[in-house]
Number of protein chains: 2
Amino acid sequence: MLKDLPGPDENSAAAVRERAAQVLRPLGALARLDEVAAWLASWQRTDRPKVAAPAAAIFVADHGVAERGVSAYPQAVTRGMFDALERGGATAAVLAREQGVALEVWDVGVGAPTNDFTVEPALSEDRFEQCLDWGRDAVAELDADLLILGEMGIGNTTAAAAVCATLFGLDAEFWTGRGTGVDDATYARKLAVVETASRRVPAGTSPLEILREVGGAEMVAMAGAAVEARRRSIPIVLDGFVVTAALAPLEITQPGALAHCISGHCSSEPGHRLLLEKLDLRPLLDLDLRLGEASGALLALPLVRLAAACVTDVATFQEWGLPGRL
Amino acid sequence: MLKDLPGPDENSAAAVRERAAQVLRPLGALARLDEVAAWLASWQRTDRPKVAAPAAAIFVADHGVAERGVSAYPQAVTRGMFDALERGGATAAVLAREQGVALEVWDVGVGAPTNDFTVEPALSEDRFEQCLDWGRDAVAELDADLLILGEMGIGNTTAAAAVCATLFGLDAEFWTGRGTGVDDATYARKLAVVETASRRVPAGTSPLEILREVGGAEMVAMAGAAVEARRRSIPIVLDGFVVTAALAPLEITQPGALAHCISGHCSSEPGHRLLLEKLDLRPLLDLDLRLGEASGALLALPLVRLAAACVTDVATFQEWGLPGRL
């Protein structure tokens, strides 16, 4: 799945870095944003990067493990939020509308929960392949110059923690947070579920198999979407813990597989910060958000858009007729 | 100057907090942004806060202390950047244009440097009053629902450090950074200048007098602008170290005087982080920016705009016909 994927266009990135060094400001004054612009250029394959046609794909599914009482909300909330995302009432829908982001919401398992991964693989091999395909298809039908991935699914921070605990092998408590805001008893159950799940998976299981074993349908779909975006050289802004955990197996399988992704934000889930460090991703925002739905990535989107403008649209010393760098 | 200024409209803030607790997301999932929306509401004095008519006022001036060799750039750059800001080639001009922000650039001393504050007060009493008035006038002629303050002036991180060192009394090295990117020799000179200046000012000098003694013309103008904005109940997004240092004397004079301000970002100037802590301001962005010009505040502006929409435009459980919080 990860073979023959394109790398970044280093020429475009270099052209952007070169211009950034010539524009009317002290060298490196916006270095972090200049690098965002160079990254954008390298995947849009142009020395004039811009965000003109952004799209957000949100994948929604139910989780068998929700039956274990790991969330503050009942599973039925998944369908309610799917509707609210699709019909415009939810937070991510508002954030997309405000910014002219094309929003697509994909049902990849609402009302069809995965298996309880404390006792068996979350997804059968067939369902795993189906979800990967849905994710790929979602991206294939887009005409976007930048992609945001998001998710919703009651129980899915538990799945994300289980994927991380199994992938990286640290104790469950490093990866398990309060999700939507669970109480102490629920947190204890969540912790036990993550521990049990990560112990169930045999040592030596491949990263993508781990995603099938203890992930979720929307997580698998996002992994498929990320691969298809890479194939099409579409840059991705990652949302929170669940999105990042869903894509982590790609990077572990093949280092660099997520080079087309930047992190939109670091959430208040403790596992998210740790995971970003493991993946060497530096988030743009750090605002203790814990919503999901693509909301953090949508909040970071203006920075990406403006980072590009700060290189392409600011005059150079030369253009401005000033003596200066060259 | 700080008498009879309006406080926040707590009713509007409470209404926004109440709605934020009823919208379709887990309680507190966007808590930081909900507080930004409540803050915006409290100064716009409405339970439907929004950013529809943002304005940025950038004050530009020269500094006598620049002759001491404290900057990587010659003083003539101040005029060049004034032109670039006014005529649209500079970074802040691009960031304003991209977001429909009305940009006004004010010359409050370009080519008319302040006195060298290592040996005498930077501004005479008359010039101090004049600059305060210019700042007030700049705001009085705006029709804005949100204000961004910015500055440009070669040598002004030295003035900002001198103001902070004198106001808060910590060693110069805590407040003095590399500004536009100075080398070791220049940094040593800068440090000595800040030390000399803060020692020159007599103990017991009032905060606003300190601003006159070791600040700069654009800094005084920004303090005047902040007071006028408060009088008109216009919320302010602060840019970087120089802006925050310019307004700090107001807060020290009268705690709460900057309640209508939030911090757009924390820059890479070490003194900025310390100053934000002293003023109990929590920045929205933390991206190692070090440009000034209002650029950091302009980059944070989308978060303020979107924070409001995330309360006013997201449906409540009740509006969505769902059982949920009430």
# chains A, B, ... in the order shown; residues from 1 in each chain; ligands from 1
call {"tool": "interface_residues", "arguments": {"of": "chain B", "to": "chain A", "cutoff": "7 Å", "atoms": "only C-alpha atoms", "output": "PyMOL selection string"}}
result
chain B and resi 24+26+29-30+32+89-91+94-95+180+285+287+289-291+299+302-303+306+310+313-315
call {"tool": "write_last_selection", "arguments": {"atoms": "N, CA and C atoms", "output": "PDB file, in the first residue's frame"}}
result
ATOM      1  N   LEU B  24     -23.649  21.718  20.728  1.00  0.00           N
ATOM      2  CA  LEU B  24     -23.455  20.295  20.415  1.00  0.00           C
ATOM      3  C   LEU B  24     -21.997  19.860  20.506  1.00  0.00           C
ATOM      4  N   PRO B  26     -18.984  18.135  23.711  1.00  0.00           N
ATOM      5  CA  PRO B  26     -18.778  17.848  25.132  1.00  0.00           C
ATOM      6  C   PRO B  26     -18.489  19.135  25.894  1.00  0.00           C
ATOM      7  N   ALA B  29     -15.121  21.278  25.744  1.00  0.00           N
ATOM      8  CA  ALA B  29     -14.216  20.729  24.724  1.00  0.00           C
ATOM      9  C   ALA B  29     -13.412  21.821  24.020  1.00  0.00           C
ATOM     10  N   LEU B  30     -13.986  23.009  23.923  1.00  0.00           N
ATOM     11  CA  LEU B  30     -13.255  24.158  23.346  1.00  0.00           C
ATOM     12  C   LEU B  30     -13.149  25.279  24.387  1.00  0.00           C
ATOM     13  N   ARG B  32     -10.947  26.981  26.048  1.00  0.00           N
ATOM     14  CA  ARG B  32     -10.110  28.169  25.824  1.00  0.00           C
ATOM     15  C   ARG B  32     -10.782  29.137  24.857  1.00  0.00           C
ATOM     16  N   GLY B  89       3.331  46.423   0.884  1.00  0.00           N
ATOM     17  CA  GLY B  89       4.337  45.406   0.590  1.00  0.00           C
ATOM     18  C   GLY B  89       4.810  44.613   1.794  1.00  0.00           C
ATOM     19  N   ALA B  90       4.526  45.108   2.999  1.00  0.00           N
ATOM     20  CA  ALA B  90       5.059  44.472   4.207  1.00  0.00           C
ATOM     21  C   ALA B  90       4.171  43.313   4.676  1.00  0.00           C
ATOM     22  N   THR B  91       4.723  42.509   5.550  1.00  0.00           N
ATOM     23  CA  THR B  91       4.025  41.311   6.024  1.00  0.00           C
ATOM     24  C   THR B  91       2.676  41.647   6.651  1.00  0.00           C
ATOM     25  N   VAL B  94       0.037  42.508   4.144  1.00  0.00           N
ATOM     26  CA  VAL B  94      -0.492  41.319   3.465  1.00  0.00           C
ATOM     27  C   VAL B  94      -1.469  40.584   4.380  1.00  0.00           C
ATOM     28  N   LEU B  95      -1.092  40.412   5.642  1.00  0.00           N
ATOM     29  CA  LEU B  95      -1.965  39.696   6.585  1.00  0.00           C
ATOM     30  C   LEU B  95      -3.283  40.443   6.798  1.00  0.00           C
ATOM     31  N   THR B 180      15.688  41.718  16.209  1.00  0.00           N
ATOM     32  CA  THR B 180      15.665  41.336  14.798  1.00  0.00           C
ATOM     33  C   THR B 180      16.737  40.291  14.484  1.00  0.00           C
ATOM     34  N   LEU B 285      -1.242  32.091  20.329  1.00  0.00           N
ATOM     35  CA  LEU B 285      -0.254  31.392  19.503  1.00  0.00           C
ATOM     36  C   LEU B 285       1.109  31.411  20.191  1.00  0.00           C
ATOM     37  N   LEU B 287       4.535  30.591  18.392  1.00  0.00           N
ATOM     38  CA  LEU B 287       5.161  30.098  17.160  1.00  0.00           C
ATOM     39  C   LEU B 287       6.535  30.714  16.908  1.00  0.00           C
ATOM     40  N   LEU B 289       7.539  33.617  16.689  1.00  0.00           N
ATOM     41  CA  LEU B 289       7.567  34.748  15.770  1.00  0.00           C
ATOM     42  C   LEU B 289       8.366  35.874  16.412  1.00  0.00           C
ATOM     43  N   ARG B 290       8.992  36.700  15.594  1.00  0.00           N
ATOM     44  CA  ARG B 290       9.725  37.863  16.130  1.00  0.00           C
ATOM     45  C   ARG B 290       9.802  38.969  15.079  1.00  0.00           C
ATOM     46  N   LEU B 291       8.610  39.348  14.607  1.00  0.00           N
ATOM     47  CA  LEU B 291       8.555  40.351  13.549  1.00  0.00           C
ATOM     48  C   LEU B 291       7.995  41.683  14.029  1.00  0.00           C
ATOM     49  N   LEU B 299      -2.116  37.132  12.836  1.00  0.00           N
ATOM     50  CA  LEU B 299      -2.151  35.678  12.664  1.00  0.00           C
ATOM     51  C   LEU B 299      -3.094  35.019  13.681  1.00  0.00           C
ATOM     52  N   PRO B 302      -7.850  35.043  13.225  1.00  0.00           N
ATOM     53  CA  PRO B 302      -8.846  34.034  12.842  1.00  0.00           C
ATOM     54  C   PRO B 302      -9.354  33.222  14.034  1.00  0.00           C
ATOM     55  N   LEU B 303      -8.494  32.999  15.023  1.00  0.00           N
ATOM     56  CA  LEU B 303      -8.940  32.241  16.190  1.00  0.00           C
ATOM     57  C   LEU B 303     -10.025  32.998  16.958  1.00  0.00           C
ATOM     58  N   LEU B 306     -13.210  32.839  14.787  1.00  0.00           N
ATOM     59  CA  LEU B 306     -13.803  31.503  14.789  1.00  0.00           C
ATOM     60  C   LEU B 306     -14.317  31.118  16.178  1.00  0.00           C
ATOM     61  N   CYS B 310     -17.968  29.614  16.911  1.00  0.00           N
ATOM     62  CA  CYS B 310     -18.127  28.299  17.554  1.00  0.00           C
ATOM     63  C   CYS B 310     -19.131  28.335  18.706  1.00  0.00           C
ATOM     64  N   ASP B 313     -22.834  30.199  16.258  1.00  0.00           N
ATOM     65  CA  ASP B 313     -23.372  29.528  15.073  1.00  0.00           C
ATOM     66  C   ASP B 313     -23.554  28.024  15.222  1.00  0.00           C
ATOM     67  N   VAL B 314     -22.931  27.425  16.236  1.00  0.00           N
ATOM     68  CA  VAL B 314     -23.137  25.987  16.464  1.00  0.00           C
ATOM     69  C   VAL B 314     -24.495  25.811  17.154  1.00  0.00           C
ATOM     70  N   ALA B 315     -25.228  24.777  16.730  1.00  0.00           N
ATOM     71  CA  ALA B 315     -26.561  24.551  17.293  1.00  0.00           C
ATOM     72  C   ALA B 315     -26.467  24.082  18.743  1.00  0.00           C
TER      73      ALA B 315
END
call {"tool": "residues_around", "arguments": {"residues": "segment 182-186 of chain B", "least_positions_apart": "6", "cutoff": "7 Å", "atoms": "only C-alpha atoms", "output": "PyMOL selection string"}}
result
chain B and resi 69-72
call {"tool": "write_last_selection", "arguments": {"atoms": "all heavy atoms", "output": "tab-separated table (two decimals), in the first residue's frame"}}
result
chain	number	residue	atom	x	y	z
B	69	GLY	N	23.92	51.45	18.65
B	69	GLY	CA	24.30	50.20	18.00
B	69	GLY	C	23.67	48.98	18.65
B	69	GLY	O	24.34	48.00	18.94
B	70	VAL	N	22.34	49.05	18.88
B	70	VAL	CA	21.65	47.94	19.55
B	70	VAL	C	20.85	47.07	18.59
B	70	VAL	O	20.25	46.08	19.01
B	70	VAL	CB	20.71	48.49	20.65
B	70	VAL	CG1	21.52	49.13	21.78
B	70	VAL	CG2	19.71	49.50	20.07
B	71	SER	N	20.83	47.43	17.31
B	71	SER	CA	20.02	46.69	16.34
B	71	SER	C	20.88	46.16	15.20
B	71	SER	O	21.97	46.68	14.93
B	71	SER	CB	18.93	47.60	15.77
B	71	SER	OG	18.20	46.91	14.76
B	72	ALA	N	20.36	45.14	14.54
B	72	ALA	CA	21.04	44.60	13.36
B	72	ALA	C	20.81	45.50	12.14
B	72	ALA	O	21.46	45.32	11.11
B	72	ALA	CB	20.55	43.19	13.08
call {"tool": "select_by_dssp", "arguments": {"residues": "segment 32-108 of chain B", "states": "helix (DSSP H, G or I)", "output": "ChimeraX atom specification"}}
result
/B:32-44,64-68,76-86,91-98
call {"tool": "residues_around", "arguments": {"residues": "segment 211-215 of chain B", "least_positions_apart": "4", "cutoff": "10 Å", "atoms": "only C-alpha atoms", "output": "ChimeraX atom specification"}}
result
/B:63,65,114-125,127-129,156-167,194,197-198,200-201,205-207,219-220,223,242,245-250
call {"tool": "closest_residue", "arguments": {"among": "B:Glu10, B:Glu151, B:Asp4, B:Asp107", "to": "Ala56 of chain B", "atoms": "only C-alpha atoms"}}
result
B:Glu151
